[in-house]
Amino acid sequence: MISLRTTYMGLTLANPLVASASPLTKKHDNIKRMEDAGLGAIVFYSRFEEQIKKERAAIDHYTGVGTDAVGEALSYFPQSALEDEGQDEYLAHIQKAKESVDIPIIGSINGVSPTGWTDYAKDIQDAGADALELNLYNVASDLNQSGAELENQLIETVKTVRDQVTIPIAVKLSAFFSAFGHVATRLDNVGADALVLFNRFYQPDMDVEFIEVTPSLHLSSSNEMTLPLRWIAILSGRVDADLAATTGVHTNEDVVKYLMGGAQVVMTASALLKKGIPYATDLINGLENWMDAHEYESVDQLRGCMSQENVPDPNAFQRANYVRLLSSYAID
Amino acid sequence: MRKPDSRPSRPRVCMDGNEAAAHVAFRLNEVCAIYPITPSSPMGEFADQWSCESQPNLWGEIPSVVEMQSEGGAAGALHGALQTGALATTFTASQGLLLMIPNMYKIAGELSPCVIHVAARSIAAQALSIFGDHSDVMAARQTGFAMLCSSNVQEAHDFALVAQAASLNSRIPFMHFFDGFRTSHEVNTLELLADEDLRALIDDEAVLAHRNRGLTPDAPVIRGTAQNPDVYFQGRETVNARYDELPDQVRKVFVALAAQIGRYYDIVEYTGAEDAERVIVIMGSGADTVKQTVASLTAQGERVGVVHVRLYRPWPTEAFLSALPSAVKSIAVLDRTKEPGSFGEPMFLDVTSSIQRAVSTGTWAGDMPCVVGGRYGLSSKEFTPAMVLGVYQHLLGESPKHGFTVGIDDDVTHTSIPFDPTFSLEPENCTRAMFFGLGADGTVGANKNSIKILGDIEGTYAQGYFVYDSKKSGSRTLSHLRFGPSPIQAPYLIQSANFIGCHQFNFVGKVDMLERAEKNAVFLVNSPHGPDTVWDHLPRHVQEEIVDKEIRLFVVDAYKVARETGMGSRINTIMQTCFFAISDFMPREQAIAEIEQAIRKTYARKGPEVVRANIAAVEATLAHLHEVTLEDVEAKGHHAMPEAVPADAPRFLQQVTAKMLMDKGDQLPVSAIPEDGTSPTGTTKYEKRNVSQHVPIWEPDLCIQCGNCSFVCPHSVIRAKFYDQSELADAPAGFPHAKLRGRGNPGAQYTLQFYVEDCTGCGLCVDVCPAKSREASRIKAINMGEKAKVLDQEREHIAFFETIKDDPTAIDWSKVRGVQYLDPLFEFPGACAGCGETPYLRLLTQLFGDRMLVAKATGCSSIYGGNLPTTPWTKNDDGRGPAWANSLFEDNAEFGLGYRLTTDLHEGMAMRLLVEHGDSSGQGALIQEILNAAQEDEQELVAQRQRVDTLIAHLESLEETPNIRQLKSVVGQLVRRSVWIVGGDGWAYDIGYGGLDHVLASGRNVNILVLDTEVYSNTGGQASKSTPKGAIAKFAAAGKVSSKKDLALMAIAYGNVYVGRIAMGANRQHTLKTIREAEAYQGPSLILAYSHCIAHGINMTEGMQQQHRAAHSGHWPLLRYNPLLKDQGENPVMLDTPEPTIPLREYTENEVRYSLLRRLNPERADELHRQAQNDIKRRYAFYRELAGIDAPPLDDDQEKRS
């Protein structure tokens, strides 16, 4: 009997496949469908720092336009709607999800600055989330801010949130640090329960016809998984935090690779967006079949078998890999 | 609803008259049938709000609140609810009450107890007015409803109960009314009635008896029968005893109220000297003013008094005569209404006949006094102690004038009596503060907050009254606040203030703010100039007043504090802090603490950031507040108050409009005002409002001359011309121009001119500008810049631009690019910055303005289009332009059809006379050309115009015979008139739908434009049947459940109606094409124009983008139905957005009306959104079928994408 059971940040999961943050979770029906498809846990869509900080102010601003300006219309919105603090849609979604599924629900906040929104982490905990994923995404466009300052800000932010909540915290990061391993270690030290590698950015694109910057969203492909795979393999066994792999998970083979590299769980969003939620069942079954075919009994057995610690040539995850690839290219 | 708590059971609160009345009415009813109309709308809004909040009535039920399609509908629903045994009410005013009259007769005739609460308002006559008087209630005095009048906010609260109790006891329905705005909108300290108080007065047996009289199949009866001559008359007389007994019954309720709460009122109340010889009879808020004056005069030994009438119908003859002092020699009955042609106004007639009958029957012991009637206070005209004194002085005369007026200067029929405007009764122990603010700058909100803070202090009483102008952008507000140790019953504006707050520095040069400042008053100015320099920036007249009145001057740079503390441009908290700091209501530290507490309470829902910023602003304020040292200062400023209109403006503007613009309209005599309400057009151009500090700046080299900017400009401030190079010979230095793009016209130049002083700075033009710099994409062909830097230069450029001769015959009217060259004959309206309606109106005038008749339903566009002092409809160089009139809200389609009937008749008459004239005229060829002209496109119309002008010249040269005179009177009709019926969705979908439907069915050649904002914009955002599913609006506070009515489809069903649904932000060319097709169609046409609005809660700068999303999400599919295509064998349905290309959420997520519901109730929001998305799918499937588009049905991709 093959065991897919795993743990992630202390949570028990039926299998290591986790739905990554995506718009799919905005629809409540999809939450249930994800559980039915067999996913081990669900990371909710991200609540953005900008939303937390400015949404109410924006509502206040736009409902205030024209107020007390002309005698016939002293306001334009029903007073009850303005006075009611209302529910937070995101928190309500989490609450509802927790009421309807048994698998762990992980809230997600996408932030950049260390202040003005961290209270919200507590709100997510109070809404019933089993854990929290902090997507700390900062484009270092301030030319006067050093890498060290940015890293310190990142660490401070995680510490602040750590002080706010008791539920486990995962930190989702970009790979763009001078010394990512060091950053990972520092995060580990301040209490991050998991590191999620890596964030895929919504990179701006350009419309050359209208000469405009446009947001772009390209779903990932399998060939994007090599960077997170490398770092998971490097960090595996060297930090206490669990490692979660995200980006480029489209086949059961991708899942296997991440687990071999040392990932505690493997997350996917693009595959589910492209092929539908039931595809998660295919991935899980595919993993099980692969393990069966290759005589693995549990994911724990599989996990990390190809981490940097466990491969015969640790340099394979470092520069040597680069050189070898170049050489092979030259030979061809 | 603020519920009375247990400690004490009747808390003191500050609220306005509307809330005070609704507070009781809601608790005492089961059904509220409502419809918005100023100034009563807030009563319905409160009822709706409390119902949504599941607040129970006195019997534990949550009242059912239903918005109807009109006041007529509300009265019908009220009638039905009463007939089936419910306790029911409604709230209304003015024309709304008039629409209820038919049902009021029925309700009274059937002895159905209920109360209609009325915020009494003028009735539209020579002009509409939203303000207060008794014209409306007096027009309903004959219906059989009893009439109980409240004079102030406390009474509006108490009498709502008294009226209900008396109605239930007597079965006579009541109109409970109070003065619109003066009482309905005045905030004052009052004691709230507890539920126990209501229970003590409301007899449950009477409630049950009413319910048991309700129609039921268990004990069926029939009502509403028809009676014949044999019994109808007797039937009318059956109720006499009930009316005879009613005054006593009301008095008993007053007695019961006094026993319960200790406040005693009477149905008629006398105040004054026991031996008074001169008496005023009055009701409403003016009674408090008279009482206050009487107290002052009797203290000086004057033998004067006032009879305050509270129960007006049934007229309490006995109580009135009892109240009247026997020594009275002369009586002035003051009516707040006007009945032209009557011997006197209603209450005068009641009083006169009562006394005359008493004298003749010997029941009046004294001599017959001299009784005269007078009018006062129409349309909220001020009624002050000075005017009261004037009336008493008038009564001293040997033969007091009957039918006099007070408060105006009638220099025509000399009805007005004099008064001394310097007489004032402002209490000494009362703080009287006036604040001048900009609309929506938070001044009014902060003042309401101050009233709350101070009014909550035990032993302090507060009063607030707020004056607004009618412009929807750049409007001014004036707050009048009184605070003192005694109850404040002074229902008139502050006569002399001891504190003046100026929240916008540019007001000092525009408004005489210190006119009402008393000696040693404080003048607080929000000034960019510090204490050392501000003096030099004050106009001379301000300096003089400061010196003469020894005024203390304080300055604070509130905008600087706001910027530095993260408040943006919100200065309200800062100015409020200064007010408290300077005044000595309480120790400064306590005042700061109170303000901060209020901030936490007020802004908690806006998030911690907002609270933090406000508190930071409070804390930073005092360091920036400075008293200006005024020792040795001299009034030597150079700045003088600018003229309101330029010296070359027409005479009417110089003599009349200018006074109104300078807030001196009250001084205009009767002779200055047109007797039939006719006003000249083209007046906004003389009022340079300079609303925005930021205006568009043109980059000629980048501009592609597309015309998009002028097409979307809501205020018609962007004008384009192309012209011959030689025109530039006298151009001022720096006059911008560029080579005209496109084929032909080699050497022609192009200029885009911005009328910067008329610009509101909305930024729509920049947003739609497609041209960007090749070097830096952030720079467009139009960019917003600081007006101060370009103002002088632009004034010079505009003056030159207007002299440039262009060639209108070379314009392509069918292209957006071409339309920019057409003169807009609708310019500089007082609409909101970024208004979505006005660009459509401007476009109509560009295309058809010189032959256009406009019928305009009441609403936003009748206010920014027709509210004095200035109006935007204007004329071209030939003196031709749109002729505009507003009838009512409900009848606009019929009103416009009337235009068409006249036009068709007179056109036919002109043709007949022309044919008759033709034989002997020697102009046979010309006449035949005129009679046979096609007049379908613009070129043909231009040719016809020229032919008719030639004909007119010919007629002028002839000897005038009766037929020639007749022909000359109608000859203009030979150029095809373009009749436009314009209104909003409240009119078209709701109150005017019946008429609109009938006019569409008439087949007559009218063009109907619906400026669809999907909400009642003008009255403040109430839901209409156009409001979309899932959007929040007033009366749909929990999100509208029903789908938006598909008016286009309903009109298409007629088959012979041209129908267009347009959104210029989605497709400007489509908008242009549709409007031209509709106008050319010789039958009825209906255009539904998507109009973004501040009531949507959007960034108005991106309003056109939002229109694009509305169309392309399928919420607002662009379509045309052209009946002419049927004749050509084609499908008349053209679905111009063949399928949605973005999910609905991409549209809704940008609008607070939707996002607010997601915050309040995410599940409901999701469900309504899902339904709305499905509605689109279904609707599109049907449209595509109609349009004969053979394509697969929409799949679920939209849902996936969302």
# chains A, B, ... in the order shown; residues from 1 in each chain; ligands from 1
$ residues_around --residues "Tyr1121 (chain B)" --least-positions-apart "4" --cutoff "8 Å" --atoms "only C-alpha atoms" --output "list in words"
Ile1052, Val1057, Tyr1058, Val1059, Gly1060, Pro1132, Val1133 and Met1134 of chain B
$ interface_residues --of "chain A" --to "chain B" --cutoff "6 Å" --atoms "only C-alpha atoms" --output "list in words"
Arg56, Ala57, Tyr62, Thr63, Gly66, Thr67, Asp68, Ala69, Val70, Gly71, Glu72, Ala73, Ser75, Tyr76, Phe77, Pro78, Ser80, Glu85, Gly86, Gln87, Asp88 and Glu89 of chain A
$ write_last_selection --atoms "N, CA, C and O atoms" --output "mmCIF file, in the first residue's frame"
data_model
loop_
_atom_site.group_PDB
_atom_site.id
_atom_site.type_symbol
_atom_site.label_atom_id
_atom_site.label_comp_id
_atom_site.auth_asym_id
_atom_site.auth_seq_id
_atom_site.Cartn_x
_atom_site.Cartn_y
_atom_site.Cartn_z
ATOM 1 N N ARG A 56 -10.949 50.301 1.601
ATOM 2 C CA ARG A 56 -11.969 51.054 2.323
ATOM 3 C C ARG A 56 -11.833 52.553 2.075
ATOM 4 O O ARG A 56 -12.816 53.266 1.956
ATOM 5 N N ALA A 57 -10.599 52.987 2.023
ATOM 6 C CA ALA A 57 -10.379 54.415 1.772
ATOM 7 C C ALA A 57 -10.927 54.792 0.399
ATOM 8 O O ALA A 57 -11.508 55.864 0.218
ATOM 9 N N TYR A 62 -14.904 57.460 -3.049
ATOM 10 C CA TYR A 62 -15.845 57.528 -4.167
ATOM 11 C C TYR A 62 -17.290 57.695 -3.712
ATOM 12 O O TYR A 62 -18.111 58.233 -4.435
ATOM 13 N N THR A 63 -17.598 57.213 -2.516
ATOM 14 C CA THR A 63 -18.958 57.452 -2.031
ATOM 15 C C THR A 63 -19.097 58.867 -1.467
ATOM 16 O O THR A 63 -20.202 59.340 -1.251
ATOM 17 N N GLY A 66 -19.385 64.425 -4.185
ATOM 18 C CA GLY A 66 -20.697 65.068 -4.317
ATOM 19 C C GLY A 66 -21.473 65.175 -3.020
ATOM 20 O O GLY A 66 -22.561 65.758 -2.983
ATOM 21 N N THR A 67 -20.942 64.623 -1.939
ATOM 22 C CA THR A 67 -21.658 64.662 -0.668
ATOM 23 C C THR A 67 -21.753 66.088 -0.134
ATOM 24 O O THR A 67 -20.793 66.846 -0.205
ATOM 25 N N ASP A 68 -22.916 66.429 0.384
ATOM 26 C CA ASP A 68 -23.146 67.745 0.981
ATOM 27 C C ASP A 68 -22.750 68.882 0.039
ATOM 28 O O ASP A 68 -22.137 69.869 0.457
ATOM 29 N N ALA A 69 -23.088 68.725 -1.218
ATOM 30 C CA ALA A 69 -22.736 69.766 -2.187
ATOM 31 C C ALA A 69 -23.966 70.479 -2.735
ATOM 32 O O ALA A 69 -23.927 71.680 -2.963
ATOM 33 N N VAL A 70 -25.030 69.734 -2.963
ATOM 34 C CA VAL A 70 -26.264 70.360 -3.443
ATOM 35 C C VAL A 70 -27.429 69.909 -2.565
ATOM 36 O O VAL A 70 -27.435 68.786 -2.056
ATOM 37 N N GLY A 71 -28.403 70.802 -2.406
ATOM 38 C CA GLY A 71 -29.479 70.550 -1.457
ATOM 39 C C GLY A 71 -30.327 69.338 -1.787
ATOM 40 O O GLY A 71 -30.876 68.695 -0.905
ATOM 41 N N GLU A 72 -30.453 69.015 -3.067
ATOM 42 C CA GLU A 72 -31.322 67.905 -3.447
ATOM 43 C C GLU A 72 -30.693 66.555 -3.160
ATOM 44 O O GLU A 72 -31.392 65.570 -2.981
ATOM 45 N N ALA A 73 -29.377 66.512 -3.191
ATOM 46 C CA ALA A 73 -28.702 65.225 -3.061
ATOM 47 C C ALA A 73 -27.519 65.396 -2.114
ATOM 48 O O ALA A 73 -26.413 65.688 -2.550
ATOM 49 N N SER A 75 -26.256 63.079 -0.404
ATOM 50 C CA SER A 75 -25.423 61.885 -0.512
ATOM 51 C C SER A 75 -25.928 61.088 -1.698
ATOM 52 O O SER A 75 -26.998 61.377 -2.229
ATOM 53 N N TYR A 76 -25.151 60.084 -2.108
ATOM 54 C CA TYR A 76 -25.549 59.282 -3.269
ATOM 55 C C TYR A 76 -25.621 57.785 -2.969
ATOM 56 O O TYR A 76 -25.856 57.003 -3.866
ATOM 57 N N PHE A 77 -25.360 57.431 -1.718
ATOM 58 C CA PHE A 77 -25.425 56.005 -1.374
ATOM 59 C C PHE A 77 -26.229 55.845 -0.085
ATOM 60 O O PHE A 77 -26.261 56.748 0.751
ATOM 61 N N PRO A 78 -26.860 54.693 0.079
ATOM 62 C CA PRO A 78 -27.654 54.499 1.288
ATOM 63 C C PRO A 78 -26.771 54.553 2.538
ATOM 64 O O PRO A 78 -25.707 53.929 2.576
ATOM 65 N N SER A 80 -27.071 53.268 5.370
ATOM 66 C CA SER A 80 -26.851 51.998 6.066
ATOM 67 C C SER A 80 -25.663 51.263 5.462
ATOM 68 O O SER A 80 -24.865 50.659 6.165
ATOM 69 N N GLU A 85 -19.811 48.389 8.676
ATOM 70 C CA GLU A 85 -18.420 48.040 8.379
ATOM 71 C C GLU A 85 -18.367 46.839 7.459
ATOM 72 O O GLU A 85 -17.371 46.594 6.784
ATOM 73 N N GLY A 86 -19.443 46.085 7.464
ATOM 74 C CA GLY A 86 -19.561 45.002 6.505
ATOM 75 C C GLY A 86 -18.635 43.847 6.813
ATOM 76 O O GLY A 86 -17.922 43.816 7.809
ATOM 77 N N GLN A 87 -18.700 42.910 5.920
ATOM 78 C CA GLN A 87 -17.793 41.786 6.054
ATOM 79 C C GLN A 87 -16.666 41.983 5.075
ATOM 80 O O GLN A 87 -16.814 42.636 4.077
ATOM 81 N N ASP A 88 -15.567 41.370 5.398
ATOM 82 C CA ASP A 88 -14.484 41.354 4.435
ATOM 83 C C ASP A 88 -14.731 40.140 3.543
ATOM 84 O O ASP A 88 -14.863 39.013 4.021
ATOM 85 N N GLU A 89 -14.848 40.402 2.268
ATOM 86 C CA GLU A 89 -15.215 39.347 1.333
ATOM 87 C C GLU A 89 -14.231 38.172 1.416
ATOM 88 O O GLU A 89 -14.623 37.009 1.399
#
$ closest_residue --among "B:His134, B:His23, B:His797, B:His1112" --to "Val153 (chain B)" --atoms "only C-alpha atoms"
B:His23
$ residues_around --residues "Asp949 (chain B)" --least-positions-apart "4" --cutoff "10 Å" --atoms "only C-alpha atoms" --output "compact mmCIF listing (two decimals) with N, CA, C and O atoms, in the first residue's frame"
# COMPACT_ATOMS: atom_id res chain seq x y z
N ALA B 943 -28.99 74.04 -47.20
CA ALA B 943 -29.55 74.64 -48.42
C ALA B 943 -30.96 75.16 -48.16
O ALA B 943 -31.34 76.25 -48.60
N GLN B 944 -31.73 74.37 -47.41
CA GLN B 944 -33.09 74.81 -47.11
C GLN B 944 -33.09 76.07 -46.24
O GLN B 944 -33.89 76.97 -46.43
N ARG B 945 -32.17 76.09 -45.30
CA ARG B 945 -32.05 77.27 -44.44
C ARG B 945 -31.79 78.51 -45.31
O ARG B 945 -32.40 79.56 -45.11
N ALA B 953 -36.54 87.25 -46.60
CA ALA B 953 -36.17 88.57 -47.13
C ALA B 953 -37.20 89.04 -48.15
O ALA B 953 -37.59 90.22 -48.18
N HIS B 954 -37.67 88.10 -48.95
CA HIS B 954 -38.70 88.43 -49.95
C HIS B 954 -39.98 88.89 -49.26
O HIS B 954 -40.59 89.91 -49.63
N LEU B 955 -40.38 88.17 -48.23
CA LEU B 955 -41.62 88.52 -47.53
C LEU B 955 -41.51 89.88 -46.85
O LEU B 955 -42.48 90.65 -46.79
N VAL B 971 -43.06 80.93 -41.04
CA VAL B 971 -42.16 80.58 -42.14
C VAL B 971 -40.93 79.81 -41.65
O VAL B 971 -40.38 78.96 -42.37
N GLY B 972 -40.50 80.09 -40.42
CA GLY B 972 -39.32 79.39 -39.89
C GLY B 972 -39.51 77.89 -39.81
O GLY B 972 -38.54 77.11 -39.81
N VAL B 975 -37.93 75.11 -42.26
CA VAL B 975 -36.69 74.35 -41.99
C VAL B 975 -37.08 73.32 -40.94
O VAL B 975 -37.59 73.66 -39.88
$ atom_distance --atom1 "CA of Ser479 (chain B)" --atom2 "CA of Gln154 (chain B)"
20.7 Å
$ residues_around --residues "region 234-244 of chain A" --least-positions-apart "6" --cutoff "8 Å" --atoms "only C-alpha atoms" --output "list in words"
Tyr8, Met9, Gly181, Ala184, Thr185, Asp188, Ala192, Asp193, Ala194, Leu195, Val196, Leu197, Gly261, Gly262, Ala263, Gln264, Val265, Val266, Met267, Gly304, Ser307, Gln308, Glu309 and Phe317 of chain A
$ select_by_dssp --residues "region 69-312 of chain A" --states "alpha helix (DSSP H)" --output "MDAnalysis selection string"
chainID A and resid 79:83 89:100 119:126 147:164 180:189 226:235 252:261 270:275 279:293 299:302
$ write_last_selection --atoms "C-alpha atoms" --output "short mmCIF file (atom, residue, chain, number, x, y, z; two decimals), in the first residue's frame"
data_model
loop_
_atom_site.label_atom_id
_atom_site.label_comp_id
_atom_site.auth_asym_id
_atom_site.auth_seq_id
_atom_site.Cartn_x
_atom_site.Cartn_y
_atom_site.Cartn_z
CA GLN A 79 -26.43 55.50 4.71
CA SER A 80 -26.85 52.00 6.07
CA ALA A 81 -24.43 50.66 3.48
CA LEU A 82 -21.87 53.30 4.36
CA GLU A 83 -22.16 52.88 8.10
CA GLU A 89 -15.22 39.35 1.33
CA TYR A 90 -11.94 37.47 1.56
CA LEU A 91 -12.38 36.51 5.18
CA ALA A 92 -15.97 35.51 4.50
CA HIS A 93 -14.78 33.26 1.69
CA ILE A 94 -12.28 31.60 4.00
CA GLN A 95 -14.88 31.16 6.66
CA LYS A 96 -17.29 29.58 4.23
CA ALA A 97 -14.60 27.33 2.79
CA LYS A 98 -13.70 26.08 6.24
CA GLU A 99 -17.33 25.24 6.85
CA SER A 100 -17.63 23.18 3.72
CA ASP A 119 -3.16 43.04 11.44
CA TYR A 120 -4.93 41.34 8.62
CA ALA A 121 -2.94 38.16 9.21
CA LYS A 122 -4.73 37.82 12.53
CA ASP A 123 -8.05 38.38 10.79
CA ILE A 124 -7.29 35.49 8.45
CA GLN A 125 -6.44 33.30 11.41
CA ASP A 126 -9.67 34.31 13.13
CA GLY A 147 19.75 44.50 -0.95
CA ALA A 148 20.55 44.22 2.74
CA GLU A 149 17.91 46.80 3.60
CA LEU A 150 15.34 44.97 1.54
CA GLU A 151 16.21 41.68 3.17
CA ASN A 152 15.96 43.22 6.62
CA GLN A 153 12.57 44.63 5.73
CA LEU A 154 11.47 41.20 4.60
CA ILE A 155 12.65 39.58 7.82
CA GLU A 156 10.98 42.28 9.92
CA THR A 157 7.71 41.76 8.10
CA VAL A 158 7.75 38.03 8.76
CA LYS A 159 8.64 38.63 12.40
CA THR A 160 5.77 41.06 12.78
CA VAL A 161 3.31 38.61 11.32
CA ARG A 162 4.80 35.80 13.39
CA ASP A 163 3.99 37.83 16.49
CA GLN A 164 0.41 38.35 15.32
CA PHE A 180 18.99 33.28 -1.55
CA GLY A 181 20.23 30.52 0.74
CA HIS A 182 21.13 33.08 3.38
CA VAL A 183 17.72 34.73 3.13
CA ALA A 184 16.09 31.32 3.46
CA THR A 185 18.10 30.61 6.57
CA ARG A 186 17.19 33.94 8.15
CA LEU A 187 13.51 33.34 7.44
CA ASP A 188 13.86 29.91 8.93
CA ASN A 189 15.35 31.48 12.02
CA THR A 226 14.24 24.11 -13.00
CA LEU A 227 15.04 27.18 -10.88
CA PRO A 228 12.83 26.27 -7.93
CA LEU A 229 13.90 22.65 -8.32
CA ARG A 230 17.52 23.64 -7.93
CA TRP A 231 16.92 25.68 -4.80
CA ILE A 232 14.69 23.10 -3.20
CA ALA A 233 17.39 20.56 -3.77
CA ILE A 234 20.00 22.88 -2.31
CA LEU A 235 17.95 23.79 0.78
CA ASN A 252 2.97 13.70 -12.52
CA GLU A 253 6.63 13.55 -13.48
CA ASP A 254 6.96 17.22 -12.42
CA VAL A 255 5.48 16.30 -9.05
CA VAL A 256 7.90 13.45 -8.67
CA LYS A 257 10.87 15.66 -9.52
CA TYR A 258 9.99 18.26 -6.88
CA LEU A 259 9.49 15.58 -4.27
CA MET A 260 12.80 14.00 -5.21
CA GLY A 261 14.40 17.40 -4.83
CA SER A 270 -1.56 26.71 -14.00
CA ALA A 271 -2.33 23.08 -14.66
CA LEU A 272 -5.68 23.36 -12.93
CA LEU A 273 -6.47 26.59 -14.76
CA LYS A 274 -5.56 25.01 -18.09
CA LYS A 275 -7.03 21.57 -17.66
CA TYR A 279 -6.87 17.19 -13.46
CA ALA A 280 -5.54 17.19 -9.90
CA THR A 281 -6.87 13.65 -9.60
CA ASP A 282 -4.83 12.67 -12.65
CA LEU A 283 -1.71 14.15 -11.10
CA ILE A 284 -2.25 12.38 -7.80
CA ASN A 285 -3.04 9.09 -9.51
CA GLY A 286 -0.05 9.60 -11.76
CA LEU A 287 2.18 10.11 -8.75
CA GLU A 288 0.82 6.99 -7.11
CA ASN A 289 1.26 4.97 -10.27
CA TRP A 290 4.78 6.21 -10.75
CA MET A 291 5.66 5.35 -7.17
CA ASP A 292 4.08 1.97 -7.62
CA ALA A 293 5.99 1.35 -10.80
CA VAL A 299 6.34 10.08 -0.33
CA ASP A 300 8.58 10.39 2.70
CA GLN A 301 10.77 7.74 1.10
CA LEU A 302 10.78 9.60 -2.17
#
$ select_by_dssp --residues "region 250-311 of chain A" --states "strand (DSSP E or B)" --output "MDAnalysis selection string"
chainID A and resid 265:268 298
$ write_last_selection --atoms "all heavy atoms" --output "short mmCIF file (atom, residue, chain, number, x, y, z; two decimals), in the first residue's frame"
data_model
loop_
_atom_site.label_atom_id
_atom_site.label_comp_id
_atom_site.auth_asym_id
_atom_site.auth_seq_id
_atom_site.Cartn_x
_atom_site.Cartn_y
_atom_site.Cartn_z
N VAL A 265 5.68 19.65 -0.10
CA VAL A 265 4.46 19.60 -0.92
C VAL A 265 4.75 20.21 -2.28
O VAL A 265 5.73 20.95 -2.45
CB VAL A 265 3.28 20.37 -0.27
CG1 VAL A 265 2.82 19.71 1.01
CG2 VAL A 265 3.66 21.83 -0.02
N VAL A 266 3.87 19.91 -3.20
CA VAL A 266 4.02 20.44 -4.56
C VAL A 266 2.73 21.17 -4.91
O VAL A 266 1.64 20.61 -4.75
CB VAL A 266 4.29 19.30 -5.56
CG1 VAL A 266 4.40 19.85 -6.97
CG2 VAL A 266 5.55 18.54 -5.17
N MET A 267 2.92 22.38 -5.36
CA MET A 267 1.73 23.21 -5.62
C MET A 267 1.53 23.43 -7.11
O MET A 267 2.50 23.57 -7.86
CB MET A 267 1.89 24.57 -4.94
CG MET A 267 1.96 24.47 -3.43
SD MET A 267 2.16 26.10 -2.72
CE MET A 267 1.99 25.73 -0.99
N THR A 268 0.28 23.50 -7.49
CA THR A 268 0.01 23.79 -8.89
C THR A 268 -1.21 24.71 -9.02
O THR A 268 -2.16 24.60 -8.24
CB THR A 268 -0.25 22.50 -9.70
OG1 THR A 268 -0.51 22.85 -11.06
CG2 THR A 268 -1.44 21.72 -9.14
N SER A 298 6.26 5.30 0.09
CA SER A 298 5.68 6.53 0.65
C SER A 298 6.38 7.74 0.06
O SER A 298 7.51 7.64 -0.45
CB SER A 298 5.83 6.55 2.18
OG SER A 298 7.18 6.78 2.52
#
$ atom_distance --atom1 "CA of Tyr492 (chain B)" --atom2 "CA of Gly374 (chain B)"
18.7 Å
$ residues_around --residues "Glu675 (chain B)" --least-positions-apart "3" --cutoff "12 Å" --atoms "only C-alpha atoms" --output "list in words"
Ala125, Gln126, Ala127, Val412, Pro669, Val670, Ser671, Ala672, Thr678 and Ser679 of chain B
$ atom_distance --atom1 "CA of Met641 (chain B)" --atom2 "CA of Glu796 (chain B)"
21.9 Å
$ residues_around --residues "Glu49 (chain A)" --least-positions-apart "2" --cutoff "6 Å" --atoms "only C-alpha atoms" --output "list in words"
Gln51, Ile52, Asn110 and Gly111 of chain A
$ closest_residue --among "A:Arg33, A:Leu4, A:Leu134, A:Pro104" --to "Phe48 (chain A)" --atoms "only C-alpha atoms"
A:Leu134
$ residues_around --residues "region 142-152 of chain B" --least-positions-apart "2" --cutoff "8 Å" --atoms "only C-alpha atoms" --output "ChimeraX atom specification"
/B:17,101,104-105,108-109,139-140,154-156,159,163,172-179,183,283-288,309-314,489,491
